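Below: one structure, written as structure tokens.
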Amino acid sequence: MNQLLNSGDKVQTQPTDLTYEVEKFLGGGGQGEVYRARLVDGKGAGTPMALKWFFPQYLRQDPDLRARLERAVDTGPPSDRFLWPQELVQAASRPEFGYVMPLREDRFAGITDLVTRRAEPTFHALVTAGFELAYNYRQLHAKGFCYRDISFGNVFFDPESGEVRICDNDNVSVDDGQGGVIGGTVRFMAPEIVRGEAGPSTQSDLFSLAVLLFYMLVNHHPLEGAREAQIRCFDLFAMTRLYGTDPLFIFDPNDVSNEPVRGHHDNALALWPLYPRFVQALFMRAFTDGLLDAHMRVVESQWTSALIRLRDSILYCQHCGAENFYDPDEQNLADGSSAACWACKSPRSLPPRMRIDREVVMLNHNTLLYPHHLDENCRYEFDEPVAEVTQHPQNPQTWGLRNLSAQKWTSQNADGKVNDVEPGKTVALSSGLRIQFGSRAGEVRL
């Protein structure tokens, strides 16, 4: 395949007239091709960037593209998680154009790598990635934009940390519900778009986001159950029926006619039961009420709250070390154990845990608390923890919570003894211990 640009070609930014030199072809798609390029003049010369250059035929199909990109450049990125267009670029004697954006680092993998198990993150990293996607799409929607094509191909995540990057932001447009060249990816489209009854909007983005999150956590499509297994020719008619005119959630509590089929949908059957009921309930709402009424869809803030809660519920099996989830709605046993480990089937014992208001945080060996845990007015930020679980250096059986914040805490044990916990100091964990962090208080159970 002939590339649109060659190594050594130069393009100029508009309107600043800086020069980028093409270094390497990275890949192509239906819209154009992406290259690695470097700035060769001005401040920051040598900085590597990604350069997307559009096919001539795509530019003819999408006459609004330049205006969308100019608006995106003027508005700026909703957050640093978006590989956002920074400037438009053109080349001498060529009618096409493109744009430069931040270069995605090699540490990021695609969601397709997750689904095919080329990437195997921990549950902690996976849930963090889901949270980051919901949180950052909320920032986009707050600016009055919709993404239009939330799907596998447009998001990447770090399998170690869960940090995300969102690309192909030339799809982004004003949230006006109008049609256009970009309608989405069929398996992620909202039913009303599949049926041709509406254009992309924030409401359809919410449906696509729910599909993406379901794929990430359950490694399966939420509408592909028994009905999908019966399809012999997966043509446009079959897709329209499955995703548009007759969609049905595979775990619909009131209709089991599309439930997963063993031997065909084993990922869904194995992974769905692992998640607490509060997560399952959101997916049920997204794919029951949200299938029929766009205004009943789960919004980003509900996903972010639930995914933070899910991350806080992770505990480790004391037998095999596998990550499990604590479900506050399950019937716990009198001895402090809970459901069996999904991996080794051994009885599971709960670690020390802290209730902060209505939420429960598992105090594992590697648990960190962040500002939002201790102050309900703080944003979700994970750069600087304010507390950490730590082991006593002389007595490995004793665990404590170290104050990493700049504020003094006050602790009170079950016997009523009160102590100050200064910054840098540690309070030993004991059942009934209460810690006043400021505006919030936590109570420990062992």
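Identifiers in the structure tokens: chain A, B, ... in order shown; residue index from 1 per chain; ligand index from 1 in order shown.
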Using only C-alpha atoms, determine which residues lie at most 10 Å from region 218-227 of chain A, disregarding the query and same-chain residues fewer than 5 positions distant; provide the list as an NGL selection string. :A and (111-112 or 114-117 or 187-188 or 210-213 or 238 or 241-243 or 246-252 or 256-262 or 264-275 or 283-284 or 286-287)
Name the residues in contact with region 71-74 of chain A at a cut-off of 8 Å, using only C-alpha atoms, excluding same-chain residues fewer than 3 positions from it; report them as a PyMOL selection string. chain A and resi 67-68+77+84-87+170+172
Going by DSSP on the backbone, which residues of region 31-175 of chain A come out as helix (DSSP H, G or I)? List them as a VMD selection string. chain A and resid 56 to 61 65 to 75 111 to 115 123 to 142 152 to 154 169 to 171
Find the spatial neighbours of Leu26 (chain A), counting only C-alpha atoms, within a cut-off of 8 Å - ignore same-chain residues fewer than 5 positions away - and output them as a PyMOL selection string. chain A and resi 33-36
Using the selection just defined, write its residues with N, CA, C and O atoms as a PDB file, in the first residue's frame.
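Written file, result_1.pdb:
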```pdb
ATOM      1  N   GLU A  33      -4.136   8.247   7.600  1.00  0.00           N
ATOM      2  CA  GLU A  33      -2.961   7.552   8.124  1.00  0.00           C
ATOM      3  C   GLU A  33      -2.331   8.377   9.242  1.00  0.00           C
ATOM      4  O   GLU A  33      -2.443   9.606   9.268  1.00  0.00           O
ATOM      5  N   VAL A  34      -1.650   7.683  10.148  1.00  0.00           N
ATOM      6  CA  VAL A  34      -1.005   8.335  11.286  1.00  0.00           C
ATOM      7  C   VAL A  34       0.495   8.072  11.209  1.00  0.00           C
ATOM      8  O   VAL A  34       0.939   6.947  10.911  1.00  0.00           O
ATOM      9  N   TYR A  35       1.267   9.123  11.458  1.00  0.00           N
ATOM     10  CA  TYR A  35       2.725   9.062  11.387  1.00  0.00           C
ATOM     11  C   TYR A  35       3.329   9.615  12.667  1.00  0.00           C
ATOM     12  O   TYR A  35       2.708  10.418  13.378  1.00  0.00           O
ATOM     13  N   ARG A  36       4.536   9.189  12.915  1.00  0.00           N
ATOM     14  CA  ARG A  36       5.355   9.856  13.928  1.00  0.00           C
ATOM     15  C   ARG A  36       6.081  10.997  13.230  1.00  0.00           C
ATOM     16  O   ARG A  36       6.652  10.824  12.146  1.00  0.00           O
TER      17      ARG A  36
END
```
Residues near Asn154 (chain A), cut-off 8 Å, only C-alpha atoms, skip fewer than 6 positions along chain, as a ChimeraX atom specification: /A:166-168
Go ahead and save the residues from that selection, with all heavy atoms, as a JSON list (two decimals), in the first residue's frame.
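Saved file result-v2.json follows:
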```json
[["chain", "number", "residue", "atom", "x", "y", "z"],
["A", 166, "ILE", "N", -7.43, 8.71, 25.03],
["A", 166, "ILE", "CA", -8.56, 8.71, 24.11],
["A", 166, "ILE", "C", -8.12, 9.39, 22.83],
["A", 166, "ILE", "O", -7.68, 10.54, 22.85],
["A", 166, "ILE", "CB", -9.76, 9.44, 24.73],
["A", 166, "ILE", "CG1", -10.18, 8.74, 26.04],
["A", 166, "ILE", "CG2", -10.94, 9.47, 23.76],
["A", 166, "ILE", "CD1", -11.21, 9.51, 26.84],
["A", 167, "CYS", "N", -8.20, 8.69, 21.72],
["A", 167, "CYS", "CA", -7.68, 9.22, 20.44],
["A", 167, "CYS", "C", -8.82, 9.44, 19.45],
["A", 167, "CYS", "O", -10.01, 9.36, 19.81],
["A", 167, "CYS", "CB", -6.64, 8.27, 19.87],
["A", 167, "CYS", "SG", -7.29, 6.67, 19.34],
["A", 168, "ASP", "N", -8.47, 9.71, 18.19],
["A", 168, "ASP", "CA", -9.44, 9.97, 17.11],
["A", 168, "ASP", "C", -10.45, 11.04, 17.50],
["A", 168, "ASP", "O", -11.66, 10.91, 17.28],
["A", 168, "ASP", "CB", -10.17, 8.67, 16.73],
["A", 168, "ASP", "CG", -9.30, 7.76, 15.89],
["A", 168, "ASP", "OD1", -8.22, 8.20, 15.44],
["A", 168, "ASP", "OD2", -9.67, 6.59, 15.68]]
```
In Å, rounded to a single decimal, give me how far CA of Tyr20 (chain A) is from CA of Asp41 (chain A).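 So the two atoms, CA of Asp41 (chain A) and CA of Tyr20 (chain A), lie 7.9 Å apart.
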Just the residues within 8 Å of region 94-98 of chain A, please, counting only C-alpha atoms, with nothing from its chain fewer than 5 positions along; format it as a short mmCIF file (atom, residue, chain, number, x, y, z; two decimals) with C-alpha atoms, in the first residue's frame.
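Result file out.cif:
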```cif
data_model
loop_
_atom_site.label_atom_id
_atom_site.label_comp_id
_atom_site.auth_asym_id
_atom_site.auth_seq_id
_atom_site.Cartn_x
_atom_site.Cartn_y
_atom_site.Cartn_z
CA LEU A 51 0.50 13.40 12.72
CA LYS A 52 -2.82 12.31 11.19
CA TRP A 53 -3.20 12.91 7.45
CA PHE A 54 -6.58 12.40 5.78
CA PHE A 55 -7.40 10.54 2.60
CA PRO A 56 -8.65 12.82 -0.21
CA LEU A 59 -12.25 14.84 2.97
CA LEU A 88 -3.91 21.76 11.62
CA VAL A 89 -1.13 21.07 9.12
#
```
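Proximity ranking of A:Glu120, A:Gly438, A:Glu381, A:Arg38 relative to Gln407 (chain A) places A:Gly438 first, based on only C-alpha atoms.
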Residues near Asp357 (chain A), anyone? I mean within 10 Å using only C-alpha atoms, not counting same-chain ones fewer than 4 positions away, as a PyMOL selection string. chain A and resi 373-374+376+440-443
Pull the strand (DSSP E or B) assignments for region 25-131 of chain A out of DSSP run on the backbone, and list those residues as a PyMOL selection string. chain A and resi 25-28+32-39+48-54+82+87-90+97-101+109-110
Quick one: residues within 9 Å of Phe131 (chain A), only C-alpha atoms counted, chain neighbours fewer than 3 positions away excluded, as a ChimeraX atom specification? /A:126-128,134-136,162,303-308
